[in-house]
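Novice: Sharing a structure, written as structure tokens. Questions coming.
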Amino acid sequence: MSTAVSEKLEKALETAPKNFIIQIESPAEEYNSVIETSLNFLLKNKDAKIIYVTLNKPVSMILNNFAAKKIDTSRFFFIDGISGAAQTKESIDKKFVVLSGPTALTELSIEITKAKETGKYNYVFFDALSTMLIYNSQKRCLQFSYFLLTKLRDYEFCGIIIYLKSELEKEVFDSVAHLSDKALRF
């Protein structure tokens with residue numbers, strides 16, 4: 001990640017209010033670094049318990065990446081919205097659930113609510129909301145984005161929502177930016 005992008009992201013995260021929601025639009029070449037920097041920031045808080053929603057990579061890939069980087073997964077619950085029916089629906093240790101697919105937005109909402117109701121989690125990390133635009137209409141994505149951001153506020157969760165920069169996501173990002181404490185573009 002370029003030094004300027006890294007510094008801007010770290011400053012924004014460090015100056016975020018208590019129950020923050022931050023949207024981050026990342027170009028493809030900075031995507032992995034933005035995710036890593038954001039997660040490292042969350043993990044600095046020893047009380048952070050994170051619902052990690054992935055629409056971009058299968059949970060198996062994320063878990064392998066975390067293992068390679070020695071990231072403790074005991075503080076995470078994963079919701080995999082990309083693997084679909086190809087994987088087991090739920091892990092034996094209840095650390096992840098696999099949705100039926102990236103169009104299953106109601107199912108996604110239910111799983112976030114179920115995770116919240118356990119009382120164990122206080123953060124949501126969403127990777128990457130822009131992926132929904134590949135599988136859903138722009139209107140549906142916009143409606144879900146409003147719903148998600150409002151739900152995070154109602155739950156008093158902190159949230160980091162990643163968007164992969166594209167022309168498709170620009171309208172969704174701009175339309176819900178006012179619901180976030182910070183909307184960052186790189």
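Every chain in the structure tokens takes a letter, A first, then B, and so on in the order presented; its residues are numbered from 1, and the ligands are numbered from 1 following the presented order.
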With DSSP run on the backbone, what are the alpha helix (DSSP H) residues within stretch 9-134 of chain A? I'd like them as a PyMOL selection string.
Specialist: chain A and resi 9-14+31-44+59-68+105-117+132-134
Novice: Set the distance at 7 Å and use only C-alpha atoms: which residues neighbour stretch 45-52 of chain A once local chain neighbours fewer than 4 positions away are removed? I'd like the list as a list in words.
Specialist: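 Near stretch 45-52 of chain A, the qualifying residues are Arg75, Phe76, Phe77, Phe78, Ile79, Lys120, Tyr121, Asn122, Tyr123, Val124, Phe125 and Phe126 of chain A.
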Novice: Which residues are near A:Ser145? Cut-off 12 Å, only C-alpha atoms, ignore same chain within fewer than 6 positions. Put them as a list in words.
Specialist: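 Non-adjacent residues within range: Gln23, Leu105, Ser109, Phe126, Ala128, Leu129, Ser130, Met132, Leu133, Gln138, Lys139, Lys151, Leu152, Ile161, Ile162, Tyr163, Glu169, Glu171, Val172, Phe173, Asp174, Ser175, Val176, Ala177, His178, Leu179 and Ser180 of chain A.
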Novice: Fewer than 6 positions away in the same chain doesn't count, so skip those; otherwise give me all residues within 10 Å of A:Asp72, counting only C-alpha atoms, as a VMD selection string.
Specialist: chain A and resid 43 63 66
Novice: Write down as a ChimeraX atom specification the residues of chain A whose backbone DSSP state falls under strand (DSSP E or B).
Specialist: /A:21-26,50-54,76-80,90,96-98,123-127,158-164,182-185
Novice: Based on the selection just made, write C-alpha atoms of those residues as a JSON list (two decimals), in the first residue's frame.
Specialist:
```
[["chain", "number", "residue", "atom", "x", "y", "z"],
["A", 21, "ILE", "CA", -19.28, 3.20, 10.52],
["A", 22, "ILE", "CA", -16.63, 3.75, 7.89],
["A", 23, "GLN", "CA", -17.03, 3.07, 4.19],
["A", 24, "ILE", "CA", -13.83, 2.57, 2.23],
["A", 25, "GLU", "CA", -13.63, 2.59, -1.55],
["A", 26, "SER", "CA", -10.43, 0.88, -2.62],
["A", 50, "ILE", "CA", -15.97, -9.28, 14.59],
["A", 51, "ILE", "CA", -18.64, -10.53, 12.21],
["A", 52, "TYR", "CA", -16.71, -10.83, 8.95],
["A", 53, "VAL", "CA", -19.06, -10.85, 5.96],
["A", 54, "THR", "CA", -17.34, -11.96, 2.78],
["A", 76, "PHE", "CA", -14.39, -13.77, 14.41],
["A", 77, "PHE", "CA", -17.62, -15.16, 13.08],
["A", 78, "PHE", "CA", -17.61, -15.47, 9.28],
["A", 79, "ILE", "CA", -20.58, -15.17, 6.96],
["A", 80, "ASP", "CA", -19.62, -16.46, 3.52],
["A", 90, "GLU", "CA", -22.19, -24.28, 8.89],
["A", 96, "PHE", "CA", -18.84, -19.59, 10.06],
["A", 97, "VAL", "CA", -21.96, -20.00, 8.01],
["A", 98, "VAL", "CA", -22.21, -20.24, 4.23],
["A", 123, "TYR", "CA", -18.07, -5.12, 14.95],
["A", 124, "VAL", "CA", -19.04, -5.90, 11.38],
["A", 125, "PHE", "CA", -16.43, -6.06, 8.65],
["A", 126, "PHE", "CA", -17.99, -6.22, 5.19],
["A", 127, "ASP", "CA", -15.81, -7.39, 2.29],
["A", 158, "CYS", "CA", -18.96, -0.48, 14.69],
["A", 159, "GLY", "CA", -18.56, -1.25, 11.03],
["A", 160, "ILE", "CA", -16.06, -1.12, 8.24],
["A", 161, "ILE", "CA", -17.53, -1.61, 4.80],
["A", 162, "ILE", "CA", -15.18, -2.15, 1.88],
["A", 163, "TYR", "CA", -16.10, -1.33, -1.72],
["A", 164, "LEU", "CA", -13.92, -2.28, -4.64],
["A", 182, "LYS", "CA", -16.49, 8.57, 7.29],
["A", 183, "ALA", "CA", -16.49, 7.70, 3.61],
["A", 184, "LEU", "CA", -12.97, 7.26, 2.28],
["A", 185, "ARG", "CA", -11.89, 7.02, -1.33]]
```
Novice: In Å, with one decimal, what is the gap from atom CA of A:Ser60 to atom CA of A:Asn136?
Specialist: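 If I compute the distance from atom CA of A:Ser60 to atom CA of A:Asn136, I get 23.8 Å.
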Novice: With distances taken over only C-alpha atoms, which residue among A:Lys116, A:Phe186, A:Leu99, A:Arg140 lies nearest A:Val34?
Specialist: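 Among A:Lys116, A:Phe186, A:Leu99, A:Arg140, it is A:Phe186 that comes nearest to A:Val34.
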Novice: My list of candidates is A:Glu156, A:Glu167, A:Glu36, A:Glu30. Which is closest to A:Lys18 when distances are computed with only C-alpha atoms?
Specialist: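 Of A:Glu156, A:Glu167, A:Glu36, A:Glu30, the one nearest A:Lys18 is A:Glu156, counting only C-alpha atoms.
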Novice: Pick from A:Asn32, A:Thr131, A:Ser74, A:Ser38: nearest to A:Ala12, with only C-alpha atoms counted?
Specialist: A:Ser38
Novice: Just checking: using only C-alpha atoms, which residue out of A:Asn56, A:Thr113, A:Asn40, A:Thr15 ends up closest to A:Lys69?
Specialist: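 Looking at the shortest contact to A:Lys69, the residue is A:Asn40.
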Novice: One decimal, Å: what's the distance from atom CA of A:Phe144 over to atom CA of A:Val59, could you say?
Specialist: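 Value for the atom CA of A:Phe144-atom CA of A:Val59 distance: 21.7 Å.
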